[in-house]
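S.K.: This is model.txt (compact mmCIF, C-alpha atoms and all ligand atoms).
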```
# COMPACT_ATOMS: atom_id res chain seq x y z
CA MET I 27 -38.15 -57.11 -16.36
CA VAL I 28 -34.83 -55.45 -17.15
CA LEU I 29 -32.32 -55.45 -14.35
CA VAL I 30 -30.53 -52.14 -14.35
CA LEU I 31 -27.02 -52.52 -12.97
CA GLU I 32 -25.84 -49.17 -11.76
CA LYS I 33 -22.05 -49.03 -11.77
CA LEU I 34 -21.20 -47.47 -8.47
CA TYR I 35 -17.54 -46.92 -8.83
CA SER I 36 -14.61 -47.84 -11.03
CA GLY I 37 -11.31 -47.66 -9.21
CA LYS I 38 -7.73 -48.22 -10.32
CA ALA I 39 -7.92 -51.99 -9.83
CA LYS I 40 -11.58 -52.81 -9.08
CA ASP I 41 -15.14 -52.05 -10.16
CA VAL I 42 -17.94 -51.96 -7.63
CA ILE I 43 -21.42 -52.67 -9.00
CA THR I 44 -24.59 -52.15 -6.96
CA LEU I 45 -26.80 -55.24 -6.98
CA ASP I 46 -29.54 -54.00 -4.63
CA ASP I 47 -29.95 -51.84 -1.51
CA GLU I 48 -27.89 -54.27 0.56
CA LYS I 49 -25.31 -55.81 -1.76
CA VAL I 50 -22.56 -54.95 -4.23
CA LYS I 51 -20.40 -56.99 -6.55
CA ILE I 52 -16.69 -56.22 -6.47
CA VAL I 53 -14.85 -57.06 -9.68
CA PHE I 54 -11.08 -57.46 -9.35
CA ARG I 55 -9.50 -56.37 -12.64
CA ASN I 56 -6.02 -57.17 -13.94
CA SER I 57 -5.09 -53.48 -13.77
CA ILE I 58 -2.26 -52.55 -11.46
CA SER I 59 -1.03 -49.07 -10.65
CA ALA I 60 1.49 -47.42 -8.40
CA PHE I 61 2.52 -43.95 -7.29
CA ASP I 62 -1.07 -42.66 -7.49
CA GLY I 63 -1.66 -43.97 -10.97
CA VAL I 64 1.62 -42.69 -12.48
CA LYS I 65 2.70 -46.25 -13.32
CA VAL I 66 -0.04 -48.48 -14.76
CA ASP I 67 -0.17 -51.93 -16.34
CA GLU I 68 -2.38 -54.93 -17.00
CA LEU I 69 -1.09 -58.18 -15.52
CA LYS I 70 -2.82 -61.41 -16.58
CA GLY I 71 -4.24 -63.31 -13.62
CA LYS I 72 -3.66 -60.48 -11.14
CA GLY I 73 -7.40 -59.86 -10.57
CA GLU I 74 -8.08 -63.51 -9.79
CA ALA I 75 -5.08 -63.80 -7.48
CA ASN I 76 -6.06 -60.73 -5.43
CA CYS I 77 -9.70 -61.78 -5.40
CA LYS I 78 -8.70 -65.15 -3.94
CA ILE I 79 -6.37 -63.60 -1.35
CA SER I 80 -9.08 -61.12 -0.31
CA LYS I 81 -11.73 -63.81 -0.06
CA LEU I 82 -9.47 -66.05 2.04
CA LEU I 83 -8.39 -63.22 4.35
CA PHE I 84 -11.97 -61.96 4.83
CA GLU I 85 -13.07 -65.52 5.63
CA ILE I 86 -10.23 -65.86 8.13
CA LEU I 87 -11.08 -62.52 9.76
CA ASN I 88 -14.78 -63.45 9.87
CA HIS I 89 -13.76 -66.68 11.61
CA TYR I 90 -12.19 -64.65 14.42
CA GLY I 91 -15.26 -62.39 14.67
CA ILE I 92 -14.07 -59.31 12.78
CA GLU I 93 -17.08 -57.65 11.11
CA THR I 94 -16.41 -57.34 7.36
CA HIS I 95 -18.40 -56.58 4.21
CA TYR I 96 -17.56 -59.95 2.65
CA LEU I 97 -20.49 -62.26 1.87
CA LYS I 98 -19.32 -64.76 -0.76
CA GLN I 99 -17.23 -65.34 -3.83
CA GLU I 100 -19.22 -65.03 -7.05
CA SER I 101 -16.61 -66.01 -9.64
CA LYS I 102 -12.81 -66.21 -9.87
CA ASN I 103 -12.50 -62.43 -9.87
CA GLU I 104 -15.73 -61.31 -8.19
CA LEU I 105 -16.88 -61.05 -4.60
CA ILE I 106 -20.37 -60.28 -3.32
CA CYS I 107 -20.17 -57.88 -0.39
CA LYS I 108 -22.46 -55.81 1.81
CA LYS I 109 -23.14 -52.37 0.42
CA VAL I 110 -21.33 -49.74 2.47
CA GLU I 111 -20.44 -46.10 2.27
CA ILE I 112 -16.64 -46.09 2.22
CA ILE I 113 -15.17 -43.57 4.62
CA PRO I 114 -12.45 -41.34 3.14
CA VAL I 115 -9.84 -42.37 5.70
CA GLU I 116 -7.50 -45.34 5.31
CA SER I 117 -5.88 -47.01 8.24
CA VAL I 118 -2.33 -48.34 7.90
CA CYS I 119 -0.77 -50.67 10.44
CA ARG I 120 3.00 -51.15 10.53
CA ASN I 121 5.03 -53.85 12.26
CA ILE I 122 8.34 -53.07 10.53
CA THR I 123 9.59 -49.82 8.98
CA ALA I 124 9.11 -49.63 5.20
CA GLY I 125 7.68 -47.53 2.38
CA SER I 126 6.38 -44.05 3.09
CA PHE I 127 7.24 -44.33 6.79
CA CYS I 128 10.95 -44.49 5.91
CA ARG I 129 10.64 -41.65 3.39
CA ARG I 130 8.60 -39.44 5.74
CA TYR I 131 10.79 -39.79 8.81
CA GLY I 132 14.15 -40.59 7.20
CA VAL I 133 14.47 -43.91 9.01
CA GLU I 134 16.07 -47.16 7.90
CA LYS I 135 13.93 -49.87 6.31
CA GLY I 136 13.37 -53.23 8.03
CA VAL I 137 13.41 -52.14 11.68
CA PRO I 138 10.67 -53.84 13.74
CA PHE I 139 8.53 -51.70 16.03
CA LYS I 140 8.13 -52.80 19.67
CA LYS I 141 4.39 -52.31 19.24
CA PRO I 142 2.53 -51.94 15.92
CA ILE I 143 1.88 -48.39 14.75
CA VAL I 144 -1.46 -47.27 13.30
CA GLU I 145 -1.56 -44.28 10.96
CA LEU I 146 -4.49 -42.62 9.21
CA PHE I 147 -4.39 -41.31 5.66
CA TYR I 148 -6.89 -39.13 3.81
CA LYS I 149 -8.05 -40.92 0.65
CA ASN I 150 -7.43 -38.33 -2.04
CA ASP I 151 -5.29 -39.08 -5.10
CA GLU I 152 -4.87 -35.41 -6.05
CA LEU I 153 -3.40 -34.70 -2.62
CA HIS I 154 -1.46 -38.01 -2.72
CA ASP I 155 -3.30 -39.54 0.26
CA PRO I 156 -1.75 -37.34 2.97
CA LEU I 157 -1.14 -38.59 6.49
CA VAL I 158 -3.75 -37.10 8.86
CA THR I 159 -4.02 -36.89 12.61
CA GLU I 160 -7.05 -38.37 14.37
CA GLU I 161 -8.05 -34.86 15.37
CA VAL I 162 -8.04 -33.58 11.77
CA ALA I 163 -10.01 -36.63 10.53
CA ILE I 164 -12.65 -36.00 13.21
CA ARG I 165 -12.73 -32.21 12.95
CA LEU I 166 -13.07 -32.29 9.15
CA GLY I 167 -16.02 -34.66 9.60
CA TRP I 168 -14.51 -37.68 7.82
CA ILE I 169 -15.02 -39.91 10.87
CA ASN I 170 -16.62 -39.44 14.28
CA GLU I 171 -15.04 -40.13 17.69
CA LYS I 172 -16.65 -43.56 17.95
CA GLU I 173 -15.47 -44.55 14.45
CA ASN I 174 -11.97 -43.37 15.28
CA ILE I 175 -11.87 -45.66 18.32
CA ILE I 176 -13.28 -48.62 16.37
CA ILE I 177 -10.91 -48.11 13.41
CA LYS I 178 -7.81 -48.12 15.62
CA ALA I 179 -8.84 -51.12 17.72
CA VAL I 180 -10.04 -53.17 14.73
CA THR I 181 -6.84 -52.38 12.80
CA LEU I 182 -4.74 -53.66 15.72
CA ALA I 183 -6.93 -56.76 16.07
CA VAL I 184 -6.66 -57.52 12.33
CA ASN I 185 -2.89 -57.11 12.62
CA TYR I 186 -2.71 -59.44 15.63
CA ILE I 187 -4.63 -62.11 13.71
CA LEU I 188 -2.92 -61.74 10.33
CA VAL I 189 0.61 -61.70 11.76
CA GLU I 190 -0.10 -65.15 13.23
CA VAL I 191 -1.84 -66.44 10.09
CA PHE I 192 1.03 -65.38 7.82
CA LYS I 193 3.61 -66.72 10.27
CA LYS I 194 1.97 -70.12 9.82
CA ILE I 195 2.76 -70.01 6.08
CA GLY I 196 6.30 -68.63 6.43
CA LEU I 197 5.53 -64.98 5.65
CA ILE I 198 6.20 -61.79 7.59
CA LEU I 199 3.43 -59.18 7.61
CA VAL I 200 5.36 -55.90 7.39
CA ASP I 201 2.42 -53.52 7.01
CA PHE I 202 -1.03 -53.24 5.45
CA LYS I 203 -3.82 -50.82 4.63
CA LEU I 204 -7.48 -51.20 5.62
CA GLU I 205 -10.60 -49.38 4.51
CA PHE I 206 -13.81 -49.17 6.46
CA GLY I 207 -17.39 -48.54 5.39
CA ARG I 208 -20.69 -47.64 6.99
CA THR I 209 -23.53 -50.10 6.43
CA THR I 210 -27.05 -48.88 5.70
CA ASP I 211 -27.80 -49.22 9.44
CA GLY I 212 -24.77 -47.14 10.39
CA LYS I 213 -22.36 -49.87 11.53
CA LEU I 214 -18.67 -49.47 10.73
CA ILE I 215 -17.23 -52.61 9.15
CA LEU I 216 -14.09 -53.63 7.32
CA ALA I 217 -14.50 -53.14 3.56
CA ASP I 218 -12.65 -52.87 0.24
CA GLU I 219 -9.95 -55.51 -0.30
CA ILE I 220 -7.15 -57.03 1.73
CA SER I 221 -4.76 -58.37 -0.83
CA ALA I 222 -1.19 -58.45 -2.07
CA ASP I 223 -1.84 -54.92 -3.41
CA THR I 224 -2.62 -53.57 0.04
CA MET I 225 0.03 -55.15 2.24
CA ARG I 226 3.74 -55.82 2.46
CA LEU I 227 4.71 -59.45 2.92
CA TRP I 228 8.27 -60.73 3.11
CA GLU I 229 9.45 -64.29 2.92
CA GLU I 230 10.48 -65.31 6.44
CA ASN I 231 13.64 -67.18 5.37
CA SER I 232 15.02 -64.98 2.61
CA GLY I 233 13.30 -61.61 3.06
CA GLU I 234 12.08 -61.89 -0.56
CA ILE I 235 9.29 -59.42 -1.40
CA LYS I 236 5.94 -61.08 -2.19
CA ASP I 237 3.61 -58.08 -2.58
CA LYS I 238 2.92 -55.06 -4.80
CA ASP I 239 6.40 -53.68 -4.05
CA ARG I 240 7.51 -56.19 -6.72
CA TYR I 241 5.60 -54.05 -9.20
CA ARG I 242 6.59 -50.70 -7.67
CA LYS I 243 10.28 -51.72 -7.79
CA ASP I 244 10.15 -53.59 -11.15
CA LEU I 245 11.16 -56.89 -9.57
CA GLY I 246 9.08 -58.98 -11.99
CA SER I 247 6.95 -62.16 -11.51
CA VAL I 248 4.30 -60.14 -9.66
CA VAL I 249 1.38 -62.49 -10.35
CA ASP I 250 3.44 -65.64 -9.62
CA HIS I 251 4.13 -64.31 -6.14
CA TYR I 252 0.49 -63.23 -5.63
CA ASN I 253 -0.60 -66.75 -6.65
CA ASP I 254 1.90 -68.25 -4.24
CA ILE I 255 0.42 -66.22 -1.35
CA ALA I 256 -3.09 -67.41 -2.31
CA PHE I 257 -1.88 -71.00 -2.63
CA ARG I 258 -0.22 -70.97 0.79
CA LEU I 259 -3.30 -69.42 2.43
CA GLU I 260 -5.45 -72.15 0.87
CA GLN I 261 -3.19 -74.82 2.35
CA ILE I 262 -3.89 -73.74 5.94
CA LYS I 263 -5.72 -76.69 7.46
CA GLU I 264 -6.19 -75.30 10.93
CA LEU I 265 -6.22 -71.63 11.82
CA PRO I 266 -3.98 -70.56 14.72
CA LYS I 267 -5.63 -70.55 18.14
CA ILE I 268 -5.47 -66.91 19.06
CA GLU I 269 -6.29 -65.46 22.46
CA LEU I 270 -8.28 -62.32 21.73
CA LYS I 271 -8.65 -59.66 24.36
CA THR I 272 -10.33 -56.31 23.97
CA LYS I 273 -10.22 -54.00 26.97
CA VAL I 274 -13.22 -51.72 27.09
CA ARG I 275 -13.06 -48.70 29.35
CA VAL I 276 -16.29 -46.99 30.33
CA THR I 277 -15.78 -43.59 31.96
CA ILE I 278 -18.76 -42.35 33.92
CA ASP I 279 -19.27 -38.72 34.93
CA LEU I 280 -22.05 -37.03 36.84
CA LYS I 281 -24.15 -34.69 34.70
CA SER I 282 -23.10 -31.11 35.41
CA SER I 283 -26.56 -30.28 36.83
CA VAL I 284 -26.25 -33.01 39.50
CA LEU I 285 -24.85 -32.31 42.99
CA ASP I 286 -21.46 -33.92 43.56
CA PRO I 287 -20.82 -34.00 47.36
CA ALA I 288 -17.62 -36.09 47.06
CA GLY I 289 -16.28 -33.68 44.44
CA ASP I 290 -17.17 -30.69 46.64
CA ILE I 291 -15.39 -32.14 49.70
CA THR I 292 -12.26 -32.77 47.63
CA PHE I 293 -12.52 -29.26 46.17
CA ARG I 294 -12.70 -27.66 49.64
CA SER I 295 -9.78 -29.80 50.88
CA LEU I 296 -7.66 -28.66 47.94
CA LEU I 297 -8.48 -25.01 48.68
CA ARG I 298 -7.58 -25.53 52.38
CA LEU I 299 -4.25 -27.03 51.29
CA GLY I 300 -3.55 -23.86 49.31
CA TYR I 301 -4.34 -24.95 45.75
CA LYS I 302 -6.03 -21.63 45.01
CA GLN I 303 -6.06 -22.18 41.23
CA VAL I 304 -8.59 -25.06 41.53
CA SER I 305 -12.13 -23.96 40.61
CA LYS I 306 -14.11 -27.21 40.70
CA VAL I 307 -13.69 -30.96 41.26
CA ASN I 308 -15.90 -33.65 39.73
CA ILE I 309 -15.50 -37.27 40.71
CA GLY I 310 -16.56 -39.94 38.24
CA LYS I 311 -15.59 -43.56 37.84
CA SER I 312 -13.79 -45.68 35.32
CA ILE I 313 -14.68 -49.30 34.67
CA VAL I 314 -12.53 -51.64 32.59
CA ILE I 315 -14.10 -54.78 31.14
CA SER I 316 -11.95 -57.33 29.32
CA PHE I 317 -13.72 -59.23 26.55
CA THR I 318 -12.44 -62.42 24.92
CA SER I 319 -13.55 -61.12 21.53
CA VAL I 320 -12.44 -58.66 18.87
CA PRO I 321 -13.41 -54.99 18.91
CA GLY I 322 -16.00 -53.65 16.47
CA SER I 323 -19.45 -52.15 16.08
CA LYS I 324 -21.08 -55.16 17.79
CA LEU I 325 -18.88 -54.87 20.86
CA TRP I 326 -19.59 -51.13 20.94
CA ASP I 327 -23.35 -51.87 21.00
CA VAL I 328 -22.88 -54.47 23.76
CA THR I 329 -20.90 -51.94 25.79
CA GLU I 330 -23.61 -49.30 25.30
CA THR I 331 -26.27 -51.73 26.52
CA ILE I 332 -24.19 -52.68 29.58
CA SER I 333 -23.48 -49.01 30.30
CA ASN I 334 -27.12 -47.94 29.97
CA GLU I 335 -28.55 -50.83 31.92
CA ILE I 336 -25.92 -51.61 34.56
CA LEU I 337 -22.94 -49.29 34.79
CA ALA I 338 -24.45 -45.82 34.54
CA ASN I 339 -27.63 -44.17 35.74
CA PRO I 340 -28.79 -42.23 32.66
CA LEU I 341 -30.81 -39.82 34.83
CA ILE I 342 -27.77 -38.41 36.56
CA GLU I 343 -24.72 -39.72 34.70
CA THR I 344 -23.10 -39.59 31.25
CA TYR I 345 -20.60 -42.12 29.97
CA SER I 346 -17.95 -42.46 27.29
CA ILE I 347 -16.42 -45.62 25.82
CA ASP I 348 -12.86 -46.43 24.80
CA PHE I 349 -11.39 -49.63 23.32
CA SER I 350 -7.88 -50.89 23.56
CA PHE I 351 -6.51 -53.90 21.75
CA GLU I 352 -2.81 -54.42 22.40
P1 LIG I 401 3.11 -46.84 2.49
O1 LIG I 401 4.34 -47.32 3.18
O2 LIG I 401 3.33 -46.51 1.02
O3 LIG I 401 2.42 -45.75 3.24
O4 LIG I 401 2.10 -48.08 2.48
C1 LIG I 401 1.68 -48.69 3.65
C2 LIG I 401 0.82 -49.89 3.32
O5 LIG I 401 -0.36 -49.49 2.66
C3 LIG I 401 1.49 -50.88 2.39
O6 LIG I 401 1.21 -52.18 2.87
C4 LIG I 401 0.84 -50.69 1.07
C5 LIG I 401 -0.49 -50.12 1.41
N1 LIG I 401 -0.94 -49.13 0.45
C6 LIG I 401 -2.18 -49.30 -0.19
O7 LIG I 401 -2.86 -50.28 0.03
N2 LIG I 401 -2.58 -48.34 -1.05
C7 LIG I 401 -1.86 -47.22 -1.32
O8 LIG I 401 -2.30 -46.38 -2.10
C8 LIG I 401 -0.59 -47.07 -0.65
C9 LIG I 401 0.26 -45.86 -0.92
C10 LIG I 401 -0.19 -48.05 0.21
N1 LIG I 402 -2.48 -47.46 -4.87
C1 LIG I 402 -1.76 -46.36 -5.40
C2 LIG I 402 -1.81 -46.38 -6.92
O1 LIG I 402 -2.49 -47.18 -7.45
C3 LIG I 402 -0.38 -46.19 -4.84
C4 LIG I 402 0.48 -47.39 -4.63
O2 LIG I 402 -0.01 -48.47 -4.33
O3 LIG I 402 1.71 -47.27 -4.73
O4 LIG I 402 -1.22 -45.61 -7.61
```
Translate the structure described by the file into structure tokens.
Ligand code: TMP
Ligand code: ASP

M.R.:
Amino acid sequence: MVLVLEKLYSGKAKDVITLDDEKVKIVFRNSISAFDGVKVDELKGKGEANCKISKLLFEILNHYGIETHYLKQESKNELICKKVEIIPVESVCRNITAGSFCRRYGVEKGVPFKKPIVELFYKNDELHDPLVTEEVAIRLGWINEKENIIIKAVTLAVNYILVEVFKKIGLILVDFKLEFGRTTDGKLILADEISADTMRLWEENSGEIKDKDRYRKDLGSVVDHYNDIAFRLEQIKELPKIELKTKVRVTIDLKSSVLDPAGDITFRSLLRLGYKQVSKVNIGKSIVISFTSVPGSKLWDVTETISNEILANPLIETYSIDFSFE
């Protein structure tokens, strides 16, 4: 029998080959590019270094319960991953001002944010991956409301974990980019790569750049620094103990066809008090559950089960879910 390997996709630095309905092989090449492919090169050992960093970071994230596409390492520059449909929106998390954030808003580089910032970008080289609002990403059908909530919360959770992991090996996580994909059963999981190409890392003591900015800025020794990141990650004997907390808010409303006596009483009181512009009042409830786990598709499913079976009465109520990870 001849095994036909259908090449799914060949990107600027990786090839993705379909193995079967469930799995793909990701091949990390030595190609490196910047400024949307304007600057390109081949750097010996770069594929292996990024493959190792990605593998180690996916394993670390899996350890903390983040759902990722990573299954195993196949060879020095190949990973076997779950087959997903990559969504066309990238999520960038920033702890310190740098890169396009400084250019876009005219702010100084190196200023820490009080709280990390999450931005969405539309994956489109011709348009130079423009920044998009959540509303645009949803309205243009790139992601749905649920995926938007999961992307933001998972990005913040990944940041929370990776900041601590890199701190342990003397590195500062300035910012990074994540990609998400839909599995065949519709779950949204972390996909693509998480490597020195997709993050900014600075040496804690000297501020020295360790990531792809070395290539963008012609600083040299790109692969040596990538290998050093991989080496330090491999040296971690014990992962940091991290207290994870995802707050899940379930908002419950009565279906519009159902009588709402409490809402009606409040409505009449408001009219009596002279608030003539009020036309209706509906009273629902909001329930906040704190979980000691990371956000993701699994937690969403758990919340739906709890909502359907315990929190809401599906005959008369509707509910919506929100995640916050801070
Ligand atoms: P930016 O400051 O250029 O927007 O980049 C933010 C982060 O995203 C940075 O860690 C590098 C990463 N990134 C990618 O992974 N791919 C890209 O195409 C770009 C532009 C940035
Ligand atoms: N990833 C983009 C490119 O390959 C942009 C960048 O990383 O600077 O051109």

S.K.: Around ligand LIG 401 (chain I), which protein and nucleic acid residues have at least one atom no more than 7 Å from it, if we count all atoms listed in the file? List them as a PyMOL selection string.

M.R.: chain I and resi 62+118+124-127+201-203+223-226

S.K.: Which is closer to ligand LIG 402 (chain I) than all the others in I:Val248, I:Val115, I:Val304, I:Ala222, using only C-alpha atoms and all ligand atoms?

M.R.: I:Ala222

S.K.: Let me see if you get this right: every residue at most 6 Å from ligand LIG 402 (chain I), counting only C-alpha atoms and all ligand atoms, written as a ChimeraX atom specification.

M.R.: /I:59-63

S.K.: My list of candidates is I:Leu270, I:Asp279, I:Leu214, I:Tyr148. Which is closest to Phe317 (chain I) when distances are computed with all atoms listed in the file?

M.R.: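 With all atoms listed in the file as the atom set, the closest residue is I:Leu270.
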
S.K.: Determine, counting only C-alpha atoms, which protein, DNA and RNA residues have an atom within 12 Å of an atom of Asp41 (chain I); residues of the same chain fewer than 5 positions away are not included. Present the result as a list in words.

M.R.: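 In the requested form, the answer reads Glu32, Lys33, Leu34, Tyr35, Ser36, Val50, Lys51, Ile52, Val53, Phe54, Arg55, Asn56, Ser57, Gly73, Asn103, Glu104, Leu105, Ile106, Asp218 and Glu219 of chain I.
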
S.K.: Pick the closest to Gln261 (chain I) from I:Leu97, I:Gly71, I:Val191, I:Lys65: which is it, counting all atoms listed in the file?

M.R.: I:Val191

S.K.: Under the rule of at most 10 Å, produce a per-residue listing of region 117-198 of chain I near region 81-90 of chain I: chain, number, name, the closest pair of atoms, and the distance in Å, as a tab-separated table, using all atoms listed in the file.

M.R.:
```
residue	atom	partner	partner_atom	distance
I:Ala183	CA	I:Leu87	CA	9.5
I:Val184	CA	I:Leu87	CA	7.2
I:Ile187	CA	I:Leu87	CA	7.6
I:Leu188	CA	I:Leu87	CA	8.2
I:Val191	CA	I:Ile86	CA	8.6
```

S.K.: What is the CA of Ser117 (chain I) to CA of Phe206 (chain I) distance in Å?

M.R.: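 Here the two named atoms are 8.4 Å from each other.
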
S.K.: Between I:Arg242, I:Gln99, I:Val284, I:Thr94, which has the minimum distance to Leu341 (chain I) (counting all atoms listed in the file)?

M.R.: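 Of I:Arg242, I:Gln99, I:Val284, I:Thr94, the one nearest Leu341 (chain I) is I:Val284, counting all atoms listed in the file.
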
S.K.: Kindly give the distance, in Å, that separates CA of Ala288 (chain I) and CA of Ile309 (chain I), rounded to a single decimal.

M.R.: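 Rounded to one decimal, the two atoms are 6.8 Å apart.
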
S.K.: Could you pull the residues within 6 Å of Glu116 (chain I), counting all atoms listed in the file, minus those fewer than 2 positions along the same chain, as a ChimeraX atom specification?

M.R.: /I:146-147,204-205

S.K.: Would you output that residue set with C-alpha atoms, as a short mmCIF file (atom, residue, chain, number, x, y, z; two decimals), keeping the file's coordinate frame?

M.R.:
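This went into selection28.cif:
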```cif
data_model
loop_
_atom_site.label_atom_id
_atom_site.label_comp_id
_atom_site.auth_asym_id
_atom_site.auth_seq_id
_atom_site.Cartn_x
_atom_site.Cartn_y
_atom_site.Cartn_z
CA LEU I 146 -4.49 -42.62 9.21
CA PHE I 147 -4.39 -41.31 5.66
CA LEU I 204 -7.48 -51.20 5.62
CA GLU I 205 -10.60 -49.38 4.51
#
```

S.K.: Mind working out the centre and edge lengths of an axis-aligned box for region 260-268 of chain I, all listed atoms inside, 8 Å added to each side, rounded to one decimal in Å and written as AutoDock Vina command-line options?

M.R.:
```
--center_x -4.7 --center_y -71.8 --center_z 10.0 --size_x 19.0 --size_y 25.8 --size_z 34.2
```

S.K.: Identify which of the residues I:Ile143, I:Val137, I:Arg129, I:Ile268 lies closest to Glu190 (chain I), counting all atoms listed in the file when measuring atom-to-atom distances.

M.R.: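 Smallest distance to Glu190 (chain I) is found for I:Ile268.
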
S.K.: Name the closest residue to Ile43 (chain I) among the candidates I:Lys109, I:Ala256, I:Ile92, I:Phe349; distances are taken between atoms, counting only C-alpha atoms.

M.R.: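 Selected residue with least distance to Ile43 (chain I): I:Lys109.
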
S.K.: Which value, in Å to one decimal, gives the distance between CA of Cys119 (chain I) and CA of Lys49 (chain I)?

M.R.: 27.9 Å

S.K.: Could you list, as a JSON list (two decimals) with C-alpha atoms, in the frame of the given file, every residue within 12 Å of Val162 (chain I), counting only C-alpha atoms and ignoring same-chain residues fewer than 3 positions away?

M.R.:
```
[["chain", "number", "residue", "atom", "x", "y", "z"],
["I", 115, "VAL", "CA", -9.84, -42.37, 5.70],
["I", 146, "LEU", "CA", -4.49, -42.62, 9.21],
["I", 147, "PHE", "CA", -4.39, -41.31, 5.66],
["I", 148, "TYR", "CA", -6.89, -39.13, 3.81],
["I", 156, "PRO", "CA", -1.75, -37.34, 2.97],
["I", 157, "LEU", "CA", -1.14, -38.59, 6.49],
["I", 158, "VAL", "CA", -3.75, -37.10, 8.86],
["I", 159, "THR", "CA", -4.02, -36.89, 12.61],
["I", 165, "ARG", "CA", -12.73, -32.21, 12.95],
["I", 166, "LEU", "CA", -13.07, -32.29, 9.15],
["I", 167, "GLY", "CA", -16.02, -34.66, 9.60],
["I", 168, "TRP", "CA", -14.51, -37.68, 7.82],
["I", 169, "ILE", "CA", -15.02, -39.91, 10.87],
["I", 170, "ASN", "CA", -16.62, -39.44, 14.28],
["I", 171, "GLU", "CA", -15.04, -40.13, 17.69],
["I", 174, "ASN", "CA", -11.97, -43.37, 15.28]]
```

S.K.: Tell me which protein, DNA and RNA residues are within 7 Å of Thr209 (chain I), counting all atoms listed in the file, leaving out same-chain ones fewer than 2 positions away, and put them as a PyMOL selection string.

M.R.: chain I and resi 109-111+207+211-214

S.K.: Generate a file of the selected residues that holds C-alpha atoms, formatted as a CSV table (one decimal), keeping the file's coordinate frame.

M.R.:
```
chain,number,residue,atom,x,y,z
I,109,LYS,CA,-23.1,-52.4,0.4
I,110,VAL,CA,-21.3,-49.7,2.5
I,111,GLU,CA,-20.4,-46.1,2.3
I,207,GLY,CA,-17.4,-48.5,5.4
I,211,ASP,CA,-27.8,-49.2,9.4
I,212,GLY,CA,-24.8,-47.1,10.4
I,213,LYS,CA,-22.4,-49.9,11.5
I,214,LEU,CA,-18.7,-49.5,10.7
```

S.K.: Quick one: residues within 8 Å of (-1.5, -61.3, -3.7) (file frame), counting only C-alpha atoms, please, as a PyMOL selection string.

M.R.: chain I and resi 72+75-76+79+221-223+236-238+249+251-256

S.K.: Could you pull region 133-146 of chain I out of the structure just shown and give N, CA and C atoms as a PDB file, in the first residue's frame?

M.R.:
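This is the output file part-v5.pdb:
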```
ATOM      1  N   VAL I 133       4.880  55.071  21.607  1.00  0.00           N
ATOM      2  CA  VAL I 133       5.323  55.031  23.004  1.00  0.00           C
ATOM      3  C   VAL I 133       6.730  54.443  23.103  1.00  0.00           C
ATOM      4  N   GLU I 134       7.365  54.750  24.222  1.00  0.00           N
ATOM      5  CA  GLU I 134       8.737  54.327  24.481  1.00  0.00           C
ATOM      6  C   GLU I 134       8.804  52.804  24.664  1.00  0.00           C
ATOM      7  N   LYS I 135       9.914  52.221  24.278  1.00  0.00           N
ATOM      8  CA  LYS I 135      10.118  50.779  24.441  1.00  0.00           C
ATOM      9  C   LYS I 135      10.571  50.460  25.877  1.00  0.00           C
ATOM     10  N   GLY I 136      10.163  49.304  26.381  1.00  0.00           N
ATOM     11  CA  GLY I 136      10.690  48.828  27.665  1.00  0.00           C
ATOM     12  C   GLY I 136       9.881  49.241  28.873  1.00  0.00           C
ATOM     13  N   VAL I 137       8.679  49.762  28.657  1.00  0.00           N
ATOM     14  CA  VAL I 137       7.856  50.192  29.799  1.00  0.00           C
ATOM     15  C   VAL I 137       6.881  49.061  30.176  1.00  0.00           C
ATOM     16  N   PRO I 138       6.985  48.549  31.420  1.00  0.00           N
ATOM     17  CA  PRO I 138       6.083  47.448  31.804  1.00  0.00           C
ATOM     18  C   PRO I 138       4.638  47.922  31.941  1.00  0.00           C
ATOM     19  N   PHE I 139       3.709  47.060  31.559  1.00  0.00           N
ATOM     20  CA  PHE I 139       2.284  47.348  31.779  1.00  0.00           C
ATOM     21  C   PHE I 139       1.911  46.887  33.189  1.00  0.00           C
ATOM     22  N   LYS I 140       0.938  47.585  33.808  1.00  0.00           N
ATOM     23  CA  LYS I 140       0.469  47.152  35.137  1.00  0.00           C
ATOM     24  C   LYS I 140      -0.168  45.778  35.037  1.00  0.00           C
ATOM     25  N   LYS I 141      -0.949  45.598  33.961  1.00  0.00           N
ATOM     26  CA  LYS I 141      -1.568  44.295  33.685  1.00  0.00           C
ATOM     27  C   LYS I 141      -1.257  43.955  32.231  1.00  0.00           C
ATOM     28  N   PRO I 142      -1.046  42.658  31.908  1.00  0.00           N
ATOM     29  CA  PRO I 142      -0.752  42.327  30.511  1.00  0.00           C
ATOM     30  C   PRO I 142      -1.870  42.750  29.569  1.00  0.00           C
ATOM     31  N   ILE I 143      -1.471  43.091  28.345  1.00  0.00           N
ATOM     32  CA  ILE I 143      -2.434  43.515  27.324  1.00  0.00           C
ATOM     33  C   ILE I 143      -2.556  42.411  26.281  1.00  0.00           C
ATOM     34  N   VAL I 144      -3.787  42.097  25.891  1.00  0.00           N
ATOM     35  CA  VAL I 144      -3.995  41.123  24.803  1.00  0.00           C
ATOM     36  C   VAL I 144      -4.520  41.865  23.579  1.00  0.00           C
ATOM     37  N   GLU I 145      -3.882  41.618  22.437  1.00  0.00           N
ATOM     38  CA  GLU I 145      -4.338  42.217  21.179  1.00  0.00           C
ATOM     39  C   GLU I 145      -4.602  41.101  20.170  1.00  0.00           C
ATOM     40  N   LEU I 146      -5.540  41.359  19.253  1.00  0.00           N
ATOM     41  CA  LEU I 146      -5.807  40.396  18.184  1.00  0.00           C
ATOM     42  C   LEU I 146      -5.325  40.971  16.852  1.00  0.00           C
TER      43      LEU I 146
END
```
